[in-house]
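Engineer: Before we start, here is the structure in question, set down as structure tokens.
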Amino acid sequence: MRAHRVFAAVYDRMSEPMEREVLGERRRRLLADVTGQVLDIGAGTGANLPHLRSAERIVAAEPDAAMRTRLNSRLDRAHAPVEVSTAGAEDLPFQDMTFDAVVFTLVLCTVADPAKALAEARRVLRPGGRIVVLEHVRGSGNRARWQDRLAPVWSYFAAGCMPNRDTRATIEGAGFTFDDVSESEPFPRWVLTRTMLEGTARP
């Protein structure tokens with residue numbers, strides 16, 4: 001995977017207002033009770049690490065070298081031992097039934113094949129394990145049409161992120177059932193990707 005050096009360089013500064021106003025609290029709430037062996041898919045610059053307070057061990061998988069450089073500089077924010085992996089979501093180098101939880105936050109919009117990524121998550125989950133999801137998803141009506149129109153340009157400038165994916169349907173189509181799930185619009189109306197999906201699901 002090629003490194004998105006410019007995107008990685010500006011990512012934290014660009015996302016800081018959203019983290020402060022919306023995403024940080026949602027990460028905290030979703031991840032507070034995630035325990036055991038945890039796989040963080042597309043760990044980026046490490047935004048989830050301080051919120052995984054109950055994890056026994058964290059594997060932070062980030063295939064983008066530029067993002068991984070920033071991730072490695074922030075491992076001291078974690079409350080559990082962290083192993084950094086170069087693994088991509090669609091081809092995980094872990095044995096079956098390895099993890100108690102697999103975390104997807106703002107990553108299923110970007111992976112090339114989300115269905116395959118979810119199949120891999122299902123494979124590496126232990127019995128009783130779950131996925132934890134915080135993703136922007138396809139809107140409705142006129143906004144969905146604009147997401148479709150702008151997707152090629154958006155993806156080019158946002159390191160492959162697609163603004164128009166129906167991620168909830170993809171998760172359910174991969175054989176997961178939500179324990180709890182919600183969709184909300186916490187961002188201003190002008191934000192193209194303002195519909196957020198959050199919840200937990202089990203195979």
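Naming works like this for the structure tokens: A, B, ... for the chains as they're shown, residue 1 at the start of each chain, ligands 1 onward in shown order.
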From a DSSP calculation on the backbone, collect every residue of region 91-166 of chain A in helix (DSSP H, G or I) and output the set as a list in words.

Structural biologist: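 Assigned to helix (DSSP H, G or I), within region 91-166 of chain A: Pro114, Ala115, Lys116, Ala117, Leu118, Ala119, Glu120, Ala121, Arg122, Arg123, Val124, Gly141, Asn142, Arg143, Ala144, Arg145, Trp146, Gln147, Asp148, Arg149, Leu150, Ala151, Pro152, Val153, Trp154, Ser155, Tyr156 and Phe157 of chain A.
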
Engineer: Contacts of region 40-57 of chain A at 6 Å or less, counting only C-alpha atoms, minus same-chain residues fewer than 4 places along, as a list in words?

Structural biologist: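 Near region 40-57 of chain A, the qualifying residues are Arg28, Leu31, Val34, Thr35, Gly36, Ala61, Glu62, Met67, Arg70, Leu71, Arg77, Ala78, His79, Ala80, Pro81, Val102, Val103, Phe104 and Val107 of chain A.
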
Engineer: Store the residues of this selection in a file with C-alpha atoms, as a tab-separated table (two decimals), in the first residue's frame.

Structural biologist:
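Heads up, here's the output in out_25.tsv:
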chain	number	residue	atom	x	y	z
A	28	ARG	CA	-14.85	6.91	24.71
A	31	LEU	CA	-14.62	1.54	23.61
A	34	VAL	CA	-13.98	-3.42	25.21
A	35	THR	CA	-11.92	-6.08	26.98
A	36	GLY	CA	-9.42	-8.83	26.31
A	61	ALA	CA	-3.14	-2.69	12.34
A	62	GLU	CA	-2.20	0.15	9.98
A	67	MET	CA	0.07	6.98	9.29
A	70	ARG	CA	2.56	8.80	13.70
A	71	LEU	CA	0.92	5.83	15.36
A	77	ARG	CA	-1.18	6.92	25.22
A	78	ALA	CA	-2.42	3.35	25.50
A	79	HIS	CA	-3.45	1.66	28.74
A	80	ALA	CA	-2.38	-1.80	27.54
A	81	PRO	CA	0.54	-3.28	25.60
A	102	VAL	CA	-12.30	-6.10	16.38
A	103	VAL	CA	-12.62	-2.32	16.19
A	104	PHE	CA	-13.57	-0.41	13.03
A	107	VAL	CA	-12.03	2.74	8.21

Engineer: Using DSSP assignments from the backbone, pull out every residue in region 21-185 of chain A that falls under strand (DSSP E) and give it to me as a ChimeraX atom specification.

Structural biologist: /A:36-41,55-61,82-85,99-105,125-136,177-184

Engineer: Which distance in Å separates CA of Val137 (chain A) and CA of Ala201 (chain A), to one decimal?

Structural biologist: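 CA of Ala201 (chain A) lies at a distance of 16.3 Å from CA of Val137 (chain A).
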
Engineer: For region 114-131 of chain A, list every protein, DNA or RNA residue within 6 Å, evaluated using only C-alpha atoms, and leave out those in the same chain fewer than 2 positions away; present the list as a list of chain:residue names.

Structural biologist: A:Ala89, A:Glu90, A:Asp96, A:Met97, A:Thr98, A:Phe99, A:Asp100, A:Ala101, A:Val102, A:Val103, A:Leu108, A:Val111, A:Thr200, A:Ala201, A:Arg202

Engineer: Can you work out the spacing between CA of Leu106 (chain A) and CA of Glu185 (chain A) in Å, to one decimal?

Structural biologist: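 According to the coordinates, CA of Leu106 (chain A) and CA of Glu185 (chain A) are separated by 15.0 Å.
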
Engineer: Measuring atom to atom with only C-alpha atoms, identify which of A:Gln147, A:Gln95, A:Thr110, A:Val59 is nearest to Val82 (chain A).

Structural biologist: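 The closest residue to Val82 (chain A) is A:Val59.
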
Engineer: Just want the 10 Å neighbourhood of region 159-166 of chain A, counted on only C-alpha atoms, with same-chain residues fewer than 6 positions away dropped. Output as an NGL selection string.

Structural biologist: :A and (2-8 or 64 or 106-112 or 114 or 135-140 or 143-153 or 192-195 or 197)

Engineer: What's the separation between CA of Glu16 (chain A) and CA of Ile58 (chain A), in Å to one decimal place?

Structural biologist: 23.3 Å
